[in-house]
file upload-v9.txt (compact mmCIF, C-alpha atoms)
# COMPACT_ATOMS: atom_id res chain seq x y z
CA MET M 1343 -15.18 -5.14 -34.02
CA ALA M 1344 -14.19 -2.39 -36.44
CA THR M 1345 -13.00 0.84 -34.89
CA PRO M 1346 -13.52 3.91 -37.09
CA THR M 1347 -12.03 7.10 -35.78
CA THR M 1348 -14.49 9.32 -37.66
CA LEU M 1349 -18.04 8.66 -38.73
CA PRO M 1350 -18.56 7.90 -42.44
CA SER M 1351 -20.00 10.76 -44.46
CA SER M 1352 -23.00 8.57 -45.27
CA PHE M 1353 -24.08 8.75 -41.62
CA VAL M 1354 -26.49 11.68 -42.02
CA SER M 1355 -29.63 12.57 -40.16
CA GLY M 1356 -32.45 10.20 -41.07
CA THR M 1357 -30.20 7.46 -42.39
CA VAL M 1358 -31.14 3.95 -41.30
CA LEU M 1359 -27.84 2.27 -40.49
CA THR M 1360 -27.06 -1.27 -41.47
CA ALA M 1361 -25.95 -3.82 -38.91
CA ALA M 1362 -22.37 -3.50 -40.09
CA GLN M 1363 -22.52 0.26 -39.78
CA LEU M 1364 -23.99 -0.03 -36.31
CA ASN M 1365 -21.20 -2.39 -35.37
CA ASN M 1366 -18.63 0.06 -36.65
CA LEU M 1367 -20.33 2.81 -34.71
CA ARG M 1368 -20.26 0.69 -31.57
CA GLY M 1369 -16.56 0.16 -32.14
CA ALA M 1370 -16.02 3.86 -31.85
CA PHE M 1371 -16.97 3.62 -28.21
CA ARG M 1372 -13.80 1.98 -27.03
CA ILE M 1373 -14.67 1.71 -23.35
CA ILE M 1374 -17.51 -0.78 -23.22
CA GLN M 1375 -17.84 -1.17 -19.46
CA VAL M 1376 -16.15 -0.08 -16.28
CA VAL M 1377 -16.11 -1.93 -12.96
CA GLN M 1378 -14.42 -0.56 -9.86
CA THR M 1379 -13.72 -1.82 -6.37
CA THR M 1380 -12.77 0.67 -3.70
CA LYS M 1381 -11.15 -0.35 -0.45
CA THR M 1382 -11.69 2.18 2.30
CA ASP M 1383 -10.87 0.04 5.33
CA THR M 1384 -7.46 -1.25 6.32
CA PHE M 1385 -5.63 -4.51 5.81
CA THR M 1386 -2.48 -5.70 7.54
CA GLY M 1387 -0.49 -8.82 6.76
CA THR M 1388 2.87 -10.44 7.41
CA SER M 1389 3.17 -12.99 4.62
CA THR M 1390 6.58 -13.53 3.07
CA SER M 1391 4.98 -15.34 0.13
CA LEU M 1392 2.26 -13.88 -2.07
CA ALA M 1393 -1.06 -13.58 -0.25
CA ASP M 1394 -4.33 -11.86 -1.07
CA ILE M 1395 -5.02 -8.29 -0.06
CA THR M 1396 -8.61 -8.51 1.12
CA GLY M 1397 -10.88 -6.24 -0.89
CA MET M 1398 -8.45 -5.55 -3.69
CA SER M 1399 -10.15 -7.52 -6.45
CA VAL M 1400 -12.51 -6.69 -9.28
CA ALA M 1401 -14.64 -8.97 -11.47
CA ILE M 1402 -15.54 -8.18 -15.05
CA THR M 1403 -17.36 -10.18 -17.72
CA PRO M 1404 -16.13 -9.12 -21.16
CA THR M 1405 -18.86 -8.79 -23.77
CA ASP M 1406 -16.53 -9.96 -26.52
CA SER M 1407 -13.64 -12.43 -26.44
CA THR M 1408 -11.52 -10.03 -28.50
CA SER M 1409 -11.86 -7.25 -25.96
CA LYS M 1410 -8.94 -6.11 -23.90
CA VAL M 1411 -9.23 -5.32 -20.21
CA LEU M 1412 -7.37 -2.31 -18.84
CA ILE M 1413 -6.62 -2.65 -15.15
CA VAL M 1414 -5.89 0.57 -13.31
CA SER M 1415 -5.13 0.41 -9.63
CA ASN M 1416 -3.96 2.80 -6.98
CA ILE M 1417 -2.66 1.30 -3.76
CA SER M 1418 -1.66 3.12 -0.60
CA PHE M 1419 0.49 1.27 1.90
CA ASN M 1420 3.18 1.40 4.56
CA GLY M 1421 5.06 -1.06 6.76
CA ASN M 1422 8.05 -1.57 9.00
CA ASN M 1423 10.96 0.64 8.05
CA GLY M 1424 13.35 -0.89 5.54
CA ILE M 1425 11.43 -4.04 4.66
CA VAL M 1426 11.10 -5.06 1.02
CA TYR M 1427 7.60 -5.44 -0.40
CA GLY M 1428 6.19 -6.84 -3.61
CA ILE M 1429 2.76 -6.45 -5.17
CA GLN M 1430 1.44 -8.82 -7.81
CA LEU M 1431 -1.48 -8.45 -10.22
CA LEU M 1432 -3.29 -11.70 -11.03
CA ARG M 1433 -6.02 -12.76 -13.46
CA GLY M 1434 -7.78 -15.51 -11.55
CA SER M 1435 -4.88 -17.46 -10.08
CA THR M 1436 -2.46 -16.54 -12.86
CA ALA M 1437 0.15 -13.87 -12.21
CA ILE M 1438 0.24 -11.27 -14.97
CA ALA M 1439 2.35 -8.14 -15.30
CA GLN M 1440 5.71 -9.39 -14.03
CA GLY M 1441 9.29 -8.35 -14.45
CA ASP M 1442 11.68 -10.65 -16.28
CA THR M 1443 13.38 -13.55 -14.53
CA ALA M 1444 16.64 -12.51 -12.86
CA GLY M 1445 18.39 -15.07 -10.71
CA THR M 1446 16.19 -16.07 -7.82
CA ARG M 1447 14.73 -12.61 -7.35
CA PRO M 1448 10.94 -12.60 -7.05
CA ARG M 1449 9.06 -11.50 -10.16
CA ARG M 1450 6.44 -8.94 -9.21
CA THR M 1451 4.26 -6.24 -10.74
CA LEU M 1452 5.93 -3.68 -8.50
CA GLY M 1453 8.00 -3.58 -5.37
CA GLY M 1454 10.59 -1.72 -3.36
CA THR M 1455 11.63 -0.73 0.12
CA ILE M 1456 9.29 0.78 2.68
CA THR M 1457 10.15 3.94 4.56
CA ALA M 1458 8.66 4.33 8.02
CA GLU M 1459 5.72 6.71 8.26
CA ALA M 1460 5.88 7.49 4.53
CA LEU M 1461 2.55 6.36 3.13
CA ALA M 1462 3.34 5.12 -0.37
CA ASN M 1463 0.78 5.69 -3.11
CA VAL M 1464 1.58 3.58 -6.13
CA GLY M 1465 -0.25 2.99 -9.37
CA ILE M 1466 -0.60 0.04 -11.73
CA SER M 1467 -1.91 0.14 -15.28
CA TRP M 1468 -1.93 -3.03 -17.32
CA LEU M 1469 -3.68 -3.88 -20.58
CA ASP M 1470 -4.68 -7.53 -20.53
CA SER M 1471 -6.12 -9.79 -23.21
CA PRO M 1472 -8.21 -12.37 -21.32
CA ALA M 1473 -9.73 -13.86 -24.53
CA THR M 1474 -12.94 -14.85 -22.81
CA THR M 1475 -16.52 -13.81 -22.24
CA SER M 1476 -16.61 -15.50 -18.85
CA ALA M 1477 -16.50 -13.63 -15.57
CA THR M 1478 -12.88 -12.81 -14.87
CA THR M 1479 -11.46 -11.68 -11.56
CA TYR M 1480 -8.38 -9.52 -11.24
CA LYS M 1481 -6.79 -9.19 -7.83
CA LEU M 1482 -3.71 -7.97 -6.03
CA GLN M 1483 -1.44 -9.94 -3.75
CA TYR M 1484 1.42 -8.76 -1.56
CA SER M 1485 4.53 -10.15 0.07
CA VAL M 1486 7.05 -8.67 2.49
CA SER M 1487 10.58 -9.67 3.44
CA SER M 1488 9.66 -9.40 7.13
CA GLY M 1489 7.48 -7.30 9.43
CA SER M 1490 4.02 -6.04 8.58
CA PHE M 1491 2.47 -4.58 5.46
CA PHE M 1492 -0.34 -2.04 5.96
CA ILE M 1493 -2.91 -1.05 3.37
CA ASN M 1494 -4.58 2.37 3.68
CA ARG M 1495 -2.69 3.33 6.86
CA THR M 1496 0.76 3.83 8.26
CA LEU M 1497 2.36 1.68 10.95
CA THR M 1498 2.18 4.67 13.25
CA ASP M 1499 -1.54 5.39 13.13
CA THR M 1500 -2.40 7.91 15.80
CA ASP M 1501 -4.91 10.73 16.11
CA PRO M 1502 -5.04 13.35 14.72
CA THR M 1503 -2.11 13.37 12.30
CA TYR M 1504 -1.88 10.14 10.36
CA PRO M 1505 -4.36 9.79 7.48
CA ARG M 1506 -6.56 6.87 6.59
CA VAL M 1507 -6.77 6.63 2.81
CA VAL M 1508 -8.39 4.67 0.00
CA SER M 1509 -7.13 2.15 -2.55
CA THR M 1510 -8.87 1.22 -5.79
CA ILE M 1511 -8.78 -1.33 -8.58
CA THR M 1512 -10.69 -0.60 -11.77
CA ALA M 1513 -11.29 -2.78 -14.83
CA PHE M 1514 -12.14 -1.19 -18.19
CA GLU M 1515 -13.34 -3.39 -21.06
CA VAL M 1516 -11.81 -1.91 -24.19
CA SER M 1517 -13.08 -2.98 -27.60
CA ALA M 1518 -10.45 -4.51 -29.84
CA MET Z 775 -7.80 5.56 21.66
CA SER Z 776 -8.94 1.97 21.18
CA THR Z 777 -6.43 -0.82 20.74
CA ASP Z 778 -4.50 -0.77 17.49
CA TYR Z 779 -4.40 -4.55 17.04
CA ALA Z 780 -2.20 -4.37 13.95
CA ALA Z 781 0.36 -2.33 15.84
CA VAL Z 782 0.32 -4.59 18.90
CA LEU Z 783 0.76 -7.67 16.73
CA THR Z 784 3.55 -6.00 14.76
CA TYR Z 785 5.48 -4.91 17.85
CA ARG Z 786 4.81 -7.86 20.16
CA TYR Z 787 4.53 -10.82 17.78
CA PRO Z 788 7.34 -10.30 15.23
CA GLY Z 789 7.94 -13.12 12.81
CA THR Z 790 4.46 -14.59 13.10
CA LEU Z 791 2.07 -15.12 10.20
CA TRP Z 792 -1.32 -13.41 10.33
CA SER Z 793 -3.54 -10.94 8.55
CA LEU Z 794 -6.03 -8.44 9.86
CA ASP Z 795 -9.01 -7.15 7.89
CA GLY Z 796 -10.00 -3.76 9.19
CA ASP Z 797 -9.23 -2.58 12.70
CA ASP Z 798 -11.24 -4.99 14.84
CA TYR Z 799 -9.95 -8.14 16.52
CA LYS Z 800 -12.65 -10.15 14.73
CA GLY Z 801 -10.80 -9.48 11.47
CA LEU Z 802 -7.69 -11.32 12.70
CA ASP Z 803 -6.83 -14.41 10.68
CA TRP Z 804 -4.07 -16.16 12.62
CA GLN Z 805 -2.07 -18.46 10.33
CA ASP Z 806 1.02 -19.04 12.44
CA GLU Z 807 1.55 -22.67 13.37
CA GLU Z 808 4.18 -22.16 16.06
CA THR Z 809 2.64 -19.39 18.11
CA ALA Z 810 -0.85 -19.56 19.57
CA LYS Z 811 -3.34 -16.94 18.49
CA PRO Z 812 -3.35 -14.19 21.12
CA THR Z 813 -6.70 -13.39 22.66
CA LYS Z 814 -8.36 -10.01 22.40
CA ALA Z 815 -7.77 -9.48 26.12
CA GLN Z 816 -4.05 -10.22 25.75
CA LEU Z 817 -3.70 -7.69 22.96
CA ASP Z 818 -5.77 -5.07 24.77
CA LYS Z 819 -3.52 -5.46 27.81
CA GLN Z 820 -0.38 -4.89 25.74
CA TRP Z 821 -1.69 -1.84 23.91
CA PRO Z 822 -0.67 0.81 26.49
CA GLU Z 823 2.94 -0.40 26.40
CA VAL Z 824 2.97 -0.48 22.62
CA GLN Z 825 1.39 2.96 22.54
CA ALA Z 826 4.18 4.25 24.79
CA GLN Z 827 6.79 2.58 22.60
CA ILE Z 828 5.33 4.21 19.48
CA ALA Z 829 5.31 7.60 21.21
CA LEU Z 830 8.94 7.14 22.28
CA GLU Z 831 9.96 6.17 18.74
CA GLN Z 832 8.16 9.23 17.36
CA ARG Z 833 9.91 11.46 19.91
CA ASN Z 834 13.31 9.98 19.11
CA ALA Z 835 12.75 10.39 15.39
CA ALA Z 836 11.72 14.01 15.86
CA MET Z 837 14.78 14.60 18.05
CA ARG Z 838 17.10 13.10 15.45
CA ALA Z 839 15.54 15.35 12.85
CA ALA Z 840 15.98 18.38 15.09
CA TYR Z 841 19.66 17.61 15.67
CA ALA Z 842 20.15 17.26 11.94
CA GLN Z 843 18.37 20.53 11.24
CA TYR Z 844 19.66 22.75 14.04
CA SER Z 845 22.83 21.53 15.76
CA ASP Z 846 24.62 19.37 13.17
CA PRO Z 847 25.14 22.34 10.81
CA VAL Z 848 26.66 24.31 13.67
CA PHE Z 849 29.02 21.41 14.38
CA PHE Z 850 30.35 21.51 10.83
CA GLN Z 851 30.57 25.29 10.96
CA TRP Z 852 32.65 24.88 14.12
CA GLN Z 853 34.91 22.39 12.30
CA ARG Z 854 35.42 24.95 9.55
CA GLY Z 855 36.24 27.66 12.08
CA GLU Z 856 33.06 29.58 11.37
CA LYS Z 857 31.48 28.92 14.80
CA THR Z 858 32.81 28.14 18.25
CA GLU Z 859 32.46 24.94 20.22
CA ALA Z 860 30.35 26.83 22.72
CA GLU Z 861 27.90 27.79 19.96
CA TRP Z 862 27.63 24.15 18.90
CA ARG Z 863 27.05 23.02 22.49
CA ALA Z 864 24.43 25.71 22.88
CA ALA Z 865 22.65 24.45 19.76
CA VAL Z 866 22.71 20.88 21.11
CA ALA Z 867 21.37 22.07 24.46
CA ALA Z 868 18.57 23.94 22.72
CA VAL Z 869 17.44 20.75 20.97
CA GLN Z 870 17.65 18.78 24.21
CA ALA Z 871 15.60 21.42 26.00
CA GLN Z 872 12.97 21.23 23.28
CA PHE Z 873 12.52 17.50 23.95
CA ALA Z 874 13.01 17.54 27.72
CA GLU Z 875 10.43 15.38 29.51
call {"tool": "encode", "arguments": {"input": "upload-v9.txt", "output": "structure tokens"}}
result
Amino acid sequence: MATPTTLPSSFVSGTVLTAAQLNNLRGAFRIIQVVQTTKTDTFTGTSTSLADITGMSVAITPTDSTSKVLIVSNISFNGNNGIVYGIQLLRGSTAIAQGDTAGTRPRRTLGGTITAEALANVGISWLDSPATTSATTYKLQYSVSSGSFFINRTLTDTDPTYPRVVSTITAFEVSA
Amino acid sequence: MSTDYAAVLTYRYPGTLWSLDGDDYKGLDWQDEETAKPTKAQLDKQWPEVQAQIALEQRNAAMRAAYAQYSDPVFFQWQRGEKTEAEWRAAVAAVQAQFAE
């Protein structure tokens, strides 16, 4: 799909546009569709290998195989102090958005060390090229070195101080 | 406060494999092959002890922070000759009094 940045001067009031012109015009609207999943409840897991985070997935059906899909996610989490976590973005069952291979270190979309009672809020943005018009699911998985991994809460989770929060994953279809 | 199943499992069943959707026991997916899935009643029974442990950990963390903020600086001032040992001990005692049971 063509993507003009300005409308042609021939596009004046009363003009009947051709199919090609309409297509160009459509191309100007780069965001074709938006689908979002919000997770407002909690999830806790102890897996040391990648495992699904319930509720952190989004399905989108691209209208054109040349479209790109922009995934934007915000995840809030906590866990046992000092454990190492990893979060992985997948398209279907295929891991996408990974760091380069380095020894036997796990390749992940993001990761780090958890600090007790410090609710981490991290973001992911990844522009994918699924090359399909079939329904496509993007999801997040987690792993921890030990202990527990908490989504949308802290390990210490008592009234009235510790907040319950929200995590999101959003898919934008972007015209090529 | 109702049982925090995730906290009980984290404190009392370390090293086991499970996941919990939401806060309720019904969301517990027990995947560990070596340890039997604890019952709701077992976890409910352990919650008061875990709650006390969490409270103690919070108190100890707050106390460590108070020492670092109030008495540790006085200790180093004493080492530099800017304060007396008695002033440092008084600062320590003040922190201890703040967290006295």
call {"tool": "atom_distance", "arguments": {"input": "upload-v9.txt", "atom1": "CA of Asn1494 in chain M", "atom2": "CA of Asn1463 in chain M"}}
result
9.3 Å
call {"tool": "interface_residues", "arguments": {"input": "upload-v9.txt", "of": "chain Z", "to": "chain M", "cutoff": "10 Å", "atoms": "only C-alpha atoms", "output": "list of chain:residue names"}}
result
Z:Met775, Z:Asp778, Z:Tyr779, Z:Ala780, Z:Ala781, Z:Leu783, Z:Thr784, Z:Tyr785, Z:Tyr787, Z:Pro788, Z:Gly789, Z:Thr790, Z:Leu791, Z:Trp792, Z:Ser793, Z:Leu794, Z:Asp795, Z:Gly796, Z:Asp797, Z:Gly801, Z:Leu802, Z:Asp803, Z:Gln805, Z:Gln825, Z:Ile828, Z:Ala829, Z:Glu831, Z:Gln832
call {"tool": "residues_around", "arguments": {"input": "upload-v9.txt", "residues": "Pro1404 in chain M", "least_positions_apart": "5", "cutoff": "12 Å", "atoms": "only C-alpha atoms", "output": "list in words"}}
result
Ile1373, Ile1374, Gln1375, Val1376, Val1377, Ser1409, Lys1410, Val1411, Leu1412, Asp1470, Ser1471, Pro1472, Ala1473, Thr1474, Thr1475, Ser1476, Ala1477, Thr1478, Thr1479, Ala1513, Phe1514, Glu1515, Val1516, Ser1517 and Ala1518 of chain M
call {"tool": "atom_distance", "arguments": {"input": "upload-v9.txt", "atom1": "CA of Ser1407 in chain M", "atom2": "CA of Leu1482 in chain M"}}
result
23.1 Å
call {"tool": "closest_residue", "arguments": {"input": "upload-v9.txt", "among": "Z:Leu817, Z:Ala840, Z:Val848, Z:Val782", "to": "Ala860 in chain Z", "atoms": "all atoms listed in the file"}}
result
Z:Val848
call {"tool": "atom_distance", "arguments": {"input": "upload-v9.txt", "atom1": "CA of Thr1405 in chain M", "atom2": "CA of Arg1372 in chain M"}}
result
12.3 Å
